[in-house]
$ cat model_12.tsv   # TSV, C-alpha atoms and all ligand atoms
chain	number	residue	atom	x	y	z
A	95	MET	CA	0.00	0.00	0.00
A	96	THR	CA	1.41	3.38	-0.97
A	97	ALA	CA	2.50	5.88	1.66
A	98	TYR	CA	0.25	8.59	0.25
A	99	TYR	CA	-3.51	8.74	0.02
A	100	ASN	CA	-6.26	11.30	-0.63
A	101	GLY	CA	-8.26	13.00	2.07
A	102	LEU	CA	-10.55	16.02	2.36
A	103	VAL	CA	-8.76	18.76	4.31
A	104	LEU	CA	-10.22	21.89	5.88
A	105	GLN	CA	-7.59	24.61	6.46
A	106	SER	CA	-9.68	26.88	8.71
A	107	ALA	CA	-13.28	27.59	9.77
A	108	GLY	CA	-15.20	29.07	6.86
A	109	ALA	CA	-12.71	27.85	4.23
A	110	ARG	CA	-13.74	25.53	1.40
A	111	PRO	CA	-12.35	22.03	2.06
A	112	SER	CA	-10.30	20.44	-0.71
A	113	VAL	CA	-8.79	17.07	-1.52
A	114	ALA	CA	-5.11	16.83	-0.57
A	115	GLU	CA	-2.43	14.14	-0.66
A	116	LEU	CA	-1.80	12.98	2.90
A	117	ARG	CA	1.00	10.80	4.19
A	118	ARG	CA	-0.24	7.84	6.15
A	119	PRO	CA	0.80	7.08	9.72
A	120	GLU	CA	2.25	3.75	10.83
A	121	VAL	CA	-0.17	1.33	12.49
A	122	GLY	CA	0.86	1.13	16.15
A	123	PRO	CA	0.10	-1.54	18.75
A	124	GLY	CA	-3.66	-1.83	19.35
A	125	GLN	CA	-4.45	0.07	16.14
A	126	VAL	CA	-5.94	-0.91	12.81
A	127	ARG	CA	-5.85	0.56	9.32
A	128	VAL	CA	-9.18	0.69	7.53
A	129	ALA	CA	-9.62	1.28	3.80
A	130	VAL	CA	-12.66	3.55	3.80
A	131	ARG	CA	-15.29	2.41	1.28
A	132	ALA	CA	-18.17	4.73	2.18
A	133	ALA	CA	-18.53	7.88	4.30
A	134	GLY	CA	-21.70	9.86	4.96
A	135	VAL	CA	-21.85	13.67	5.07
A	136	CYS	CA	-23.16	14.43	8.57
A	137	HIS	CA	-24.30	17.70	10.09
A	138	SER	CA	-21.37	17.68	12.53
A	139	ASP	CA	-19.00	17.85	9.55
A	140	LEU	CA	-20.81	20.96	8.35
A	141	SER	CA	-20.61	22.41	11.89
A	142	MET	CA	-16.81	22.07	11.72
A	143	VAL	CA	-16.73	23.82	8.34
A	144	ASN	CA	-18.98	26.73	9.27
A	145	GLY	CA	-17.39	27.22	12.70
A	146	THR	CA	-20.27	26.10	14.98
A	147	ILE	CA	-17.83	23.48	16.34
A	148	ARG	CA	-14.22	24.73	16.60
A	149	PRO	CA	-11.77	21.86	16.23
A	150	SER	CA	-8.06	22.33	15.51
A	151	TYR	CA	-6.99	22.96	11.91
A	152	PRO	CA	-5.86	21.85	9.40
A	153	LEU	CA	-8.33	19.02	9.74
A	154	VAL	CA	-9.21	15.88	7.79
A	155	LEU	CA	-13.03	15.89	7.93
A	156	GLY	CA	-15.44	12.94	8.14
A	157	HIS	CA	-16.53	10.49	10.85
A	158	GLU	CA	-19.59	8.50	9.63
A	159	ALA	CA	-17.93	5.69	7.73
A	160	ALA	CA	-17.46	2.02	6.95
A	161	GLY	CA	-14.69	0.11	5.27
A	162	GLU	CA	-12.44	-2.88	5.26
A	163	VAL	CA	-9.62	-3.68	7.68
A	164	VAL	CA	-6.37	-3.84	5.68
A	165	GLU	CA	-3.72	-3.91	8.44
A	166	VAL	CA	-3.70	-4.67	12.16
A	167	GLY	CA	-1.06	-3.65	14.71
A	168	ALA	CA	0.41	-5.75	17.50
A	169	ASN	CA	-1.96	-7.10	20.18
A	170	VAL	CA	-5.12	-6.41	18.19
A	171	THR	CA	-7.86	-8.92	19.05
A	172	ARG	CA	-11.09	-7.23	17.88
A	173	ALA	CA	-10.46	-7.16	14.15
A	174	ALA	CA	-8.67	-9.08	11.42
A	175	VAL	CA	-7.57	-8.19	7.92
A	176	GLY	CA	-10.56	-8.46	5.57
A	177	ASP	CA	-13.22	-7.66	8.18
A	178	ARG	CA	-16.00	-5.31	7.10
A	179	VAL	CA	-16.30	-2.68	9.81
A	180	VAL	CA	-18.19	0.42	10.86
A	181	LEU	CA	-16.10	3.20	12.43
A	182	ASN	CA	-17.14	4.46	15.86
A	183	TRP	CA	-16.12	8.07	16.62
A	184	GLN	CA	-16.88	7.67	20.31
A	185	PRO	CA	-15.41	4.36	21.45
A	186	ALA	CA	-16.14	3.79	25.13
A	187	CYS	CA	-13.23	3.30	27.55
A	188	ARG	CA	-15.16	0.63	29.56
A	189	THR	CA	-13.45	1.70	32.80
A	190	CYS	CA	-14.87	5.14	33.77
A	191	TRP	CA	-17.84	5.60	36.13
A	192	PHE	CA	-20.33	6.09	33.27
A	193	CYS	CA	-19.14	3.03	31.35
A	194	GLU	CA	-19.29	0.89	34.48
A	195	ASN	CA	-22.74	2.33	35.22
A	196	GLY	CA	-24.00	1.03	31.86
A	197	GLU	CA	-24.00	4.44	30.11
A	198	PRO	CA	-21.09	4.17	27.65
A	199	TRP	CA	-22.59	6.93	25.47
A	200	LEU	CA	-21.68	9.32	28.29
A	201	CYS	CA	-18.13	7.95	28.63
A	202	SER	CA	-16.01	10.62	30.31
A	203	THR	CA	-12.70	9.57	28.79
A	204	SER	CA	-13.69	8.50	25.30
A	205	SER	CA	-11.98	9.93	22.25
A	206	GLY	CA	-15.13	11.69	21.07
A	207	VAL	CA	-13.14	14.92	20.85
A	208	ALA	CA	-13.53	17.25	17.89
A	209	SER	CA	-10.01	16.68	16.59
A	210	LEU	CA	-6.74	15.02	17.42
A	211	GLU	CA	-3.35	14.31	15.86
A	212	ASN	CA	-2.61	10.70	15.01
A	213	GLY	CA	0.43	10.91	12.80
A	214	VAL	CA	-1.22	11.92	9.53
A	215	THR	CA	0.84	14.59	7.75
A	216	LEU	CA	0.35	17.00	4.86
A	217	ASP	CA	3.51	18.43	3.29
A	218	ASP	CA	5.46	17.04	6.28
A	219	GLU	CA	3.30	19.00	8.77
A	220	PRO	CA	0.95	17.20	11.17
A	221	VAL	CA	-2.77	17.55	10.48
A	222	HIS	CA	-5.69	16.77	12.80
A	223	VAL	CA	-8.35	14.17	12.15
A	224	ALA	CA	-12.02	14.90	12.92
A	225	LEU	CA	-13.46	12.98	15.88
A	226	GLY	CA	-10.36	10.81	16.02
A	227	LEU	CA	-11.08	9.45	12.53
A	228	GLY	CA	-10.89	11.86	9.57
A	229	ALA	CA	-12.94	9.48	7.48
A	230	PHE	CA	-13.33	11.59	4.32
A	231	ALA	CA	-10.17	9.84	3.20
A	232	GLU	CA	-9.11	6.68	1.44
A	233	GLN	CA	-7.90	5.25	4.73
A	234	VAL	CA	-8.07	5.75	8.48
A	235	VAL	CA	-5.83	4.54	11.31
A	236	ALA	CA	-7.77	4.15	14.55
A	237	PRO	CA	-7.63	2.29	17.86
A	238	GLU	CA	-9.15	-1.19	17.60
A	239	ASN	CA	-12.07	-0.26	19.86
A	240	ALA	CA	-13.14	2.26	17.19
A	241	VAL	CA	-14.09	-0.48	14.74
A	242	ILE	CA	-17.21	-2.61	14.94
A	243	LYS	CA	-17.50	-5.69	12.76
A	244	VAL	CA	-20.62	-6.03	10.58
A	245	PRO	CA	-21.71	-8.84	8.22
A	246	SER	CA	-20.09	-8.70	4.80
A	247	ALA	CA	-23.58	-8.83	3.24
A	248	LEU	CA	-24.28	-5.33	4.53
A	249	GLU	CA	-23.58	-2.70	1.85
A	250	PHE	CA	-20.78	-0.30	2.78
A	251	GLU	CA	-22.98	2.76	2.17
A	252	VAL	CA	-25.68	1.62	4.58
A	253	ALA	CA	-23.06	0.43	7.07
A	254	ALA	CA	-21.54	3.92	7.08
A	255	LEU	CA	-24.85	5.53	8.01
A	256	LEU	CA	-25.28	3.16	10.97
A	257	SER	CA	-22.23	4.66	12.70
A	258	CYS	CA	-23.66	8.12	13.35
A	259	GLY	CA	-26.96	9.32	11.88
A	260	VAL	CA	-28.89	6.06	12.10
A	261	LEU	CA	-27.48	5.08	15.50
A	262	THR	CA	-28.46	8.53	16.81
A	263	GLY	CA	-31.97	8.47	15.33
A	264	ALA	CA	-32.86	4.82	15.90
A	265	GLY	CA	-31.28	4.88	19.38
A	266	ALA	CA	-33.41	7.88	20.35
A	267	VAL	CA	-36.53	5.87	19.46
A	268	ARG	CA	-35.49	2.52	20.92
A	269	ASN	CA	-33.34	3.40	23.93
A	270	THR	CA	-34.15	6.94	25.01
A	271	ALA	CA	-37.90	7.29	24.35
A	272	ARG	CA	-38.67	3.55	24.11
A	273	VAL	CA	-41.51	4.07	21.67
A	274	ARG	CA	-44.09	1.28	21.93
A	275	SER	CA	-46.42	-0.24	19.42
A	276	GLY	CA	-49.56	1.87	18.87
A	277	GLU	CA	-48.08	5.15	20.12
A	278	SER	CA	-48.17	8.39	18.12
A	279	VAL	CA	-44.93	10.14	17.20
A	280	VAL	CA	-44.05	13.59	15.86
A	281	VAL	CA	-40.62	14.12	14.27
A	282	ILE	CA	-39.45	17.70	13.73
A	283	GLY	CA	-36.56	18.21	11.28
A	284	LEU	CA	-36.04	15.72	8.48
A	285	GLY	CA	-32.31	15.50	7.83
A	286	GLY	CA	-30.53	12.14	7.97
A	287	VAL	CA	-31.16	11.80	11.72
A	288	GLY	CA	-34.82	12.87	11.61
A	289	LEU	CA	-35.54	10.44	8.77
A	290	SER	CA	-33.85	7.68	10.81
A	291	VAL	CA	-36.19	8.53	13.69
A	292	VAL	CA	-39.15	8.22	11.31
A	293	ALA	CA	-37.97	4.81	10.04
A	294	ALA	CA	-37.22	3.48	13.54
A	295	ALA	CA	-40.54	4.74	14.96
A	296	ARG	CA	-42.37	2.95	12.18
A	297	ALA	CA	-40.32	-0.21	12.77
A	298	ALA	CA	-41.23	0.04	16.49
A	299	GLY	CA	-44.92	-0.12	15.54
A	300	ALA	CA	-45.91	3.52	16.09
A	301	SER	CA	-49.46	3.99	14.79
A	302	ASP	CA	-48.96	7.58	13.62
A	303	VAL	CA	-45.64	9.03	12.56
A	304	ILE	CA	-46.14	12.71	11.76
A	305	ALA	CA	-43.10	14.13	10.01
A	306	VAL	CA	-42.53	17.89	10.16
A	307	ASP	CA	-40.09	20.04	8.20
A	308	VAL	CA	-39.84	23.63	6.99
A	309	SER	CA	-39.43	22.34	3.44
A	310	GLU	CA	-42.34	20.87	1.48
A	311	ALA	CA	-39.69	19.13	-0.64
A	312	LYS	CA	-39.09	16.65	2.24
A	313	LYS	CA	-42.56	15.13	1.86
A	314	GLY	CA	-41.48	12.35	-0.53
A	315	LEU	CA	-38.49	11.41	1.64
A	316	ALA	CA	-40.66	11.39	4.77
A	317	GLU	CA	-43.18	9.05	3.16
A	318	ALA	CA	-40.43	6.78	1.85
A	319	ALA	CA	-39.07	6.57	5.42
A	320	GLY	CA	-42.49	5.46	6.68
A	321	ALA	CA	-44.21	8.66	7.82
A	322	THR	CA	-47.99	8.40	7.92
A	323	ASP	CA	-48.44	12.20	7.79
A	324	PHE	CA	-46.36	15.14	6.61
A	325	VAL	CA	-46.81	18.68	7.89
A	326	VAL	CA	-44.94	21.83	6.80
A	327	SER	CA	-43.84	23.61	9.97
A	328	SER	CA	-45.75	26.78	10.84
A	329	ASP	CA	-46.97	28.75	13.87
A	330	ALA	CA	-50.10	26.59	13.81
A	331	LEU	CA	-48.10	23.34	14.22
A	332	SER	CA	-49.44	22.30	17.64
A	333	LYS	CA	-53.01	22.78	16.37
A	334	GLU	CA	-52.20	20.72	13.25
A	335	ILE	CA	-50.79	17.92	15.43
A	336	ARG	CA	-53.78	18.01	17.77
A	337	THR	CA	-56.23	17.58	14.90
A	338	ARG	CA	-54.30	14.46	13.86
A	339	THR	CA	-54.07	12.99	17.39
A	340	SER	CA	-57.68	12.99	18.66
A	341	GLY	CA	-57.22	16.52	20.03
A	342	ARG	CA	-54.69	15.40	22.66
A	343	GLY	CA	-51.27	15.85	21.09
A	344	ALA	CA	-48.78	13.07	20.35
A	345	ASP	CA	-47.36	10.54	22.81
A	346	HIS	CA	-43.83	11.41	21.65
A	347	ALA	CA	-42.10	14.28	19.90
A	348	PHE	CA	-38.52	14.10	18.62
A	349	GLU	CA	-36.69	17.36	18.02
A	350	CYS	CA	-33.98	16.81	15.39
A	351	VAL	CA	-33.00	20.41	14.70
A	352	GLY	CA	-31.27	21.70	17.84
A	353	ARG	CA	-33.04	25.04	18.31
A	354	ALA	CA	-35.02	26.50	21.20
A	355	ALA	CA	-37.96	27.32	18.92
A	356	THR	CA	-38.28	23.74	17.67
A	357	ILE	CA	-37.81	22.30	21.18
A	358	ARG	CA	-40.77	24.45	22.26
A	359	ALA	CA	-42.73	23.30	19.20
A	360	ALA	CA	-41.97	19.66	20.14
A	361	TRP	CA	-43.09	20.37	23.71
A	362	ARG	CA	-46.38	21.84	22.53
A	363	ALA	CA	-46.95	18.99	20.05
A	364	THR	CA	-47.12	16.34	22.80
A	365	ARG	CA	-50.07	15.37	24.95
A	366	ARG	CA	-50.26	15.82	28.73
A	367	GLY	CA	-47.81	13.29	30.14
A	368	GLY	CA	-46.09	12.97	26.76
A	369	GLN	CA	-42.39	12.64	26.10
A	370	VAL	CA	-40.16	15.15	24.32
A	371	THR	CA	-36.79	13.83	23.16
A	372	VAL	CA	-34.18	16.34	22.02
A	373	VAL	CA	-31.90	14.77	19.43
A	374	GLY	CA	-30.56	17.92	17.72
A	375	MET	CA	-27.44	19.61	19.11
A	376	GLY	CA	-28.10	23.28	19.72
A	377	SER	CA	-25.99	26.25	20.79
A	378	ASN	CA	-25.12	27.48	24.26
A	379	ASP	CA	-26.85	30.86	23.92
A	380	ASP	CA	-30.21	29.62	22.59
A	381	LEU	CA	-32.46	29.48	25.67
A	382	VAL	CA	-35.65	27.39	25.87
A	383	GLN	CA	-38.40	29.20	27.79
A	384	LEU	CA	-41.08	27.14	29.52
A	385	SER	CA	-43.26	28.41	32.33
A	386	ALA	CA	-42.96	26.78	35.75
A	387	LEU	CA	-46.73	26.17	35.72
A	388	ASP	CA	-46.57	24.55	32.28
A	389	ILE	CA	-43.77	22.22	33.37
A	390	PHE	CA	-45.81	21.12	36.37
A	391	SER	CA	-49.29	20.88	34.92
A	392	SER	CA	-48.39	19.37	31.53
A	393	ALA	CA	-46.67	16.42	33.25
A	394	ARG	CA	-44.45	16.07	30.20
A	395	THR	CA	-40.94	14.64	30.21
A	396	LEU	CA	-38.16	16.53	28.40
A	397	ARG	CA	-34.90	14.69	27.92
A	398	SER	CA	-32.02	14.57	25.49
A	399	SER	CA	-30.67	11.62	23.56
A	400	VAL	CA	-26.87	11.67	23.29
A	401	TYR	CA	-25.57	9.33	20.57
A	402	GLY	CA	-28.85	7.41	20.75
A	403	SER	CA	-28.32	6.43	24.43
A	404	ALA	CA	-26.67	3.45	22.77
A	405	ASP	CA	-23.75	1.14	23.30
A	406	PRO	CA	-22.53	1.10	19.68
A	407	ASP	CA	-20.72	-2.23	20.16
A	408	LEU	CA	-24.11	-3.87	20.78
A	409	GLU	CA	-26.46	-1.61	18.85
A	410	ILE	CA	-24.65	-1.39	15.50
A	411	PRO	CA	-24.62	-5.19	14.94
A	412	ARG	CA	-28.33	-5.20	15.92
A	413	LEU	CA	-29.13	-2.43	13.44
A	414	ALA	CA	-27.13	-4.26	10.76
A	415	GLU	CA	-29.24	-7.35	11.40
A	416	ASP	CA	-32.46	-5.32	11.21
A	417	VAL	CA	-31.38	-3.89	7.85
A	418	LEU	CA	-30.44	-7.31	6.47
A	419	THR	CA	-33.74	-8.87	7.55
A	420	GLY	CA	-35.72	-5.92	6.13
A	421	ARG	CA	-37.10	-4.82	9.52
A	422	LEU	CA	-35.41	-1.45	9.13
A	423	SER	CA	-35.34	0.18	5.71
A	424	LEU	CA	-32.65	2.81	5.16
A	425	ASN	CA	-32.17	2.95	1.41
A	426	HIS	CA	-34.32	6.08	1.12
A	427	LEU	CA	-31.77	7.91	3.31
A	428	ILE	CA	-29.10	7.96	0.61
A	429	THR	CA	-30.03	10.70	-1.83
A	430	ASN	CA	-26.60	11.30	-3.42
A	431	ARG	CA	-23.54	9.17	-4.11
A	432	ILE	CA	-20.52	11.40	-4.50
A	433	THR	CA	-16.70	11.59	-4.66
A	434	LEU	CA	-14.44	13.19	-2.03
A	435	ALA	CA	-14.08	16.28	-4.22
A	436	GLU	CA	-17.87	16.71	-4.29
A	437	VAL	CA	-18.26	16.88	-0.49
A	438	PRO	CA	-18.14	20.74	-0.41
A	439	ASP	CA	-21.14	20.80	-2.78
A	440	ALA	CA	-22.91	18.37	-0.44
A	441	PHE	CA	-22.29	20.82	2.44
A	442	ASP	CA	-23.91	23.57	0.35
A	443	GLN	CA	-26.91	21.31	-0.25
A	444	MET	CA	-27.14	20.46	3.45
A	445	SER	CA	-27.00	24.17	4.36
A	446	ARG	CA	-29.98	24.72	2.06
A	447	GLY	CA	-31.84	21.86	3.78
A	448	GLU	CA	-31.99	19.73	0.65
A	449	GLY	CA	-31.91	15.92	0.39
A	450	ALA	CA	-31.13	13.39	3.12
A	451	ARG	CA	-27.65	11.82	3.19
A	452	SER	CA	-24.90	12.30	0.63
A	453	VAL	CA	-22.48	9.38	0.80
A	454	VAL	CA	-18.92	9.39	-0.49
A	455	THR	CA	-18.14	6.07	-2.13
A	456	ILE	CA	-14.51	5.05	-2.56
A	457	GLY	CA	-13.00	2.18	-4.49
A	458	GLN	CA	-16.29	0.92	-5.89
A	459	ALA	CA	-18.38	1.77	-8.91
A	460	LEU	CA	-20.34	4.99	-8.43
A	461	LEU	CA	-23.98	4.14	-8.88
A	462	PRO	CA	-26.26	6.67	-10.59
B	1	ZN	ZN	-22.20	12.53	12.66
B	2	ZN	ZN	-15.79	5.37	29.78
$ encode --input "model_12.tsv" --output "structure tokens"
Amino acid sequence: MTAYYNGLVLQSAGARPSVAELRRPEVGPGQVRVAVRAAGVCHSDLSMVNGTIRPSYPLVLGHEAAGEVVEVGANVTRAAVGDRVVLNWQPACRTCWFCENGEPWLCSTSSGVASLENGVTLDDEPVHVALGLGAFAEQVVAPENAVIKVPSALEFEVAALLSCGVLTGAGAVRNTARVRSGESVVVIGLGGVGLSVVAAARAAGASDVIAVDVSEAKKGLAEAAGATDFVVSSDALSKEIRTRTSGRGADHAFECVGRAATIRAAWRATRRGGQVTVVGMGSNDDLVQLSALDIFSSARTLRSSVYGSADPDLEIPRLAEDVLTGRLSLNHLITNRITLAEVPDAFDQMSRGEGARSVVTIGQALLP
């Protein structure tokens, strides 16, 4: 394998990322090298480009990916050359208080940091890799606990989505909110995560899945994901939801935007005693106002879902199985198959709220 490979590098916040020739690091003890075959364009990538998240630069972007193990370092036991794997940007340490308490998604020592150096260089200078991975690249070197084996029958593109967007969305439904058969669900914000919530809610047997977005253009995607209703967001949203839920409001609302206004809309869309699950990551200065009386008398629950409240080592193989058996359908999520050089255009599309997931495919025929 050659010492050089292509990766998508961001020089500074606000800059346009471009493909550069990187020099690969050695594979150390406990590490593996993965040839990336598919990588999804996630909203966190865009947040690093537009400066909402401030990692260190220059930075190899990308973290939602799947590929094939091509080299293993000394003492590696979790993976072997030839394994098909999903990359995990937040591998749990298994020794901190949260891990031992059964909440590995809250691991206090995991490598889920925005950026770190792992020996990748560009023109002999070290560059950082996003979320410990830098997966918009032909290869990634990562610790062995950052790879999760999946069946070789699972397509790389779908496998990639499992590692971030689908785990987040499906985990919010299954682990955080624990949606039950026959319940009604509202989903606000239909990007890759929101559409995963729709698909998982439907798979969980929700009777009504009301998908909400500011863009009418999301209607087709919402229906393909399994939504029973589609509503364009407006000031009259809670009234719209009530008319579709016997006047009560929904049992569950999932907020997949990360804004105070949509968290309030999700709150108002649920029934008395309903559950509001915040999946979107918002900003520190966007305050959610709820009255003390409303909090008491509505008897609602408001909670967040971090990384799907999931243990990825257990949940990703389960999701892979659900995809392979047809219980969970994700094909509608992939709206564009692109090259590394086309990722900046995919960011533009995402900023405009268009499409679902764009997926970079590497080393395989680009499908139309
Ligand atoms: Zn992501
Ligand atoms: Zn831990």
$ residues_near_ligand --input "model_12.tsv" --ligand "ligand ZN 1 (chain B)" --cutoff "9 Å" --atoms "all atoms listed in the file" --output "ChimeraX atom specification"
/A:134-139,156-158,183,255,257-259,262
$ residues_around --input "model_12.tsv" --residues "region 387-389 of chain A" --least-positions-apart "4" --cutoff "12 Å" --atoms "all atoms listed in the file" --output "list in words"
Arg358, Trp361, Arg362, Arg366, Gly367, Gly368, Gln383, Ala393, Arg394, Thr395 and Leu396 of chain A
$ residues_near_ligand --input "model_12.tsv" --ligand "ligand ZN 2 (chain B)" --cutoff "10 Å" --atoms "only C-alpha atoms and all ligand atoms" --output "list in words"
Gln184, Pro185, Ala186, Cys187, Arg188, Thr189, Cys190, Trp191, Phe192, Cys193, Glu194, Asn195, Gly196, Glu197, Pro198, Trp199, Leu200, Cys201, Ser202, Thr203, Ser204 and Ser205 of chain A
$ atom_distance --input "model_12.tsv" --atom1 "CA of Val223 (chain A)" --atom2 "CA of Leu102 (chain A)"
10.2 Å
$ atom_distance --input "model_12.tsv" --atom1 "CA of Glu219 (chain A)" --atom2 "CA of Val437 (chain A)"
23.6 Å
$ closest_residue --input "model_12.tsv" --among "A:Arg178, A:Glu436, A:Val291, A:Tyr151" --to "Glu249 (chain A)" --atoms "all atoms listed in the file"
A:Arg178
$ residues_around --input "model_12.tsv" --residues "region 407-421 of chain A" --least-positions-apart "5" --cutoff "10 Å" --atoms "all atoms listed in the file" --output "MDAnalysis selection string"
chainID A and resid 180 182 185:186 198 239:245 247:249 252:253 256:258 260:261 264:265 269 293:294 296:298 402
$ atom_distance --input "model_12.tsv" --atom1 "CA of Leu153 (chain A)" --atom2 "CA of Arg431 (chain A)"
22.8 Å
$ closest_residue --input "model_12.tsv" --among "A:Ala311, A:Leu422, A:Ala133, A:Ala386" --to "Gln233 (chain A)" --atoms "all atoms listed in the file"
A:Ala133
$ residues_near_point --input "model_12.tsv" --point "(-15.9, 28.8, 4.4)" --cutoff "7 Å" --atoms "only C-alpha atoms" --output "number ranges by chain"
A: 107-110, 143-144
$ residues_near_point --input "model_12.tsv" --point "(-47.2, 26.1, 21.8)" --cutoff "10 Å" --atoms "only C-alpha atoms" --output "compact mmCIF listing (two decimals) with C-alpha atoms, in the frame of the given file"
# COMPACT_ATOMS: atom_id res chain seq x y z
CA ASP A 329 -46.97 28.75 13.87
CA ALA A 330 -50.10 26.59 13.81
CA LEU A 331 -48.10 23.34 14.22
CA SER A 332 -49.44 22.30 17.64
CA LYS A 333 -53.01 22.78 16.37
CA ALA A 355 -37.96 27.32 18.92
CA ARG A 358 -40.77 24.45 22.26
CA ALA A 359 -42.73 23.30 19.20
CA ALA A 360 -41.97 19.66 20.14
CA TRP A 361 -43.09 20.37 23.71
CA ARG A 362 -46.38 21.84 22.53
CA ALA A 363 -46.95 18.99 20.05
CA THR A 364 -47.12 16.34 22.80
CA LEU A 384 -41.08 27.14 29.52
$ residues_around --input "model_12.tsv" --residues "region 280-287 of chain A" --least-positions-apart "5" --cutoff "6 Å" --atoms "only C-alpha atoms" --output "number ranges by chain"
A: 259, 263, 303-307, 347-351, 450-451
$ write_last_selection --input "model_12.tsv" --atoms "C-alpha atoms" --output "PDB file, in the coordinates of the input"
ATOM      1  CA  GLY A 259     -26.960   9.320  11.880  1.00  0.00           C
ATOM      2  CA  GLY A 263     -31.970   8.470  15.330  1.00  0.00           C
ATOM      3  CA  VAL A 303     -45.640   9.030  12.560  1.00  0.00           C
ATOM      4  CA  ILE A 304     -46.140  12.710  11.760  1.00  0.00           C
ATOM      5  CA  ALA A 305     -43.100  14.130  10.010  1.00  0.00           C
ATOM      6  CA  VAL A 306     -42.530  17.890  10.160  1.00  0.00           C
ATOM      7  CA  ASP A 307     -40.090  20.040   8.200  1.00  0.00           C
ATOM      8  CA  ALA A 347     -42.100  14.280  19.900  1.00  0.00           C
ATOM      9  CA  PHE A 348     -38.520  14.100  18.620  1.00  0.00           C
ATOM     10  CA  GLU A 349     -36.690  17.360  18.020  1.00  0.00           C
ATOM     11  CA  CYS A 350     -33.980  16.810  15.390  1.00  0.00           C
ATOM     12  CA  VAL A 351     -33.000  20.410  14.700  1.00  0.00           C
ATOM     13  CA  ALA A 450     -31.130  13.390   3.120  1.00  0.00           C
ATOM     14  CA  ARG A 451     -27.650  11.820   3.190  1.00  0.00           C
TER      15      ARG A 451
END
$ residues_around --input "model_12.tsv" --residues "region 111-127 of chain A" --least-positions-apart "2" --cutoff "7 Å" --atoms "only C-alpha atoms" --output "number ranges by chain"
A: 97-105, 109, 129, 163-170, 213-216, 233-238, 434-435, 438
$ closest_residue --input "model_12.tsv" --among "A:Ser340, A:Ser309, A:Ser403, A:Ser445" --to "Ser327 (chain A)" --atoms "all atoms listed in the file"
A:Ser309
$ axis_aligned_box --input "model_12.tsv" --around "region 193-205 of chain A" --padding-each-side "5 Å" --output "lines of an AutoDock Vina configuration file"
center_x = -18.0
center_y = 5.8
center_z = 28.7
size_x = 22.0
size_y = 19.7
size_z = 23.0
$ closest_residue --input "model_12.tsv" --among "A:Val308, A:Val128, A:Ala159, A:Ala174" --to "Thr455 (chain A)" --atoms "only C-alpha atoms"
A:Ala159
$ residues_around --input "model_12.tsv" --residues "Gly314 (chain A)" --least-positions-apart "6" --cutoff "12 Å" --atoms "only C-alpha atoms" --output "list in words"
Leu284, Leu289, Ala305, Asp307, Gly320, Ala321, Thr322, Asp323, Phe324, Val325, His426, Leu427, Thr429, Gly449 and Ala450 of chain A
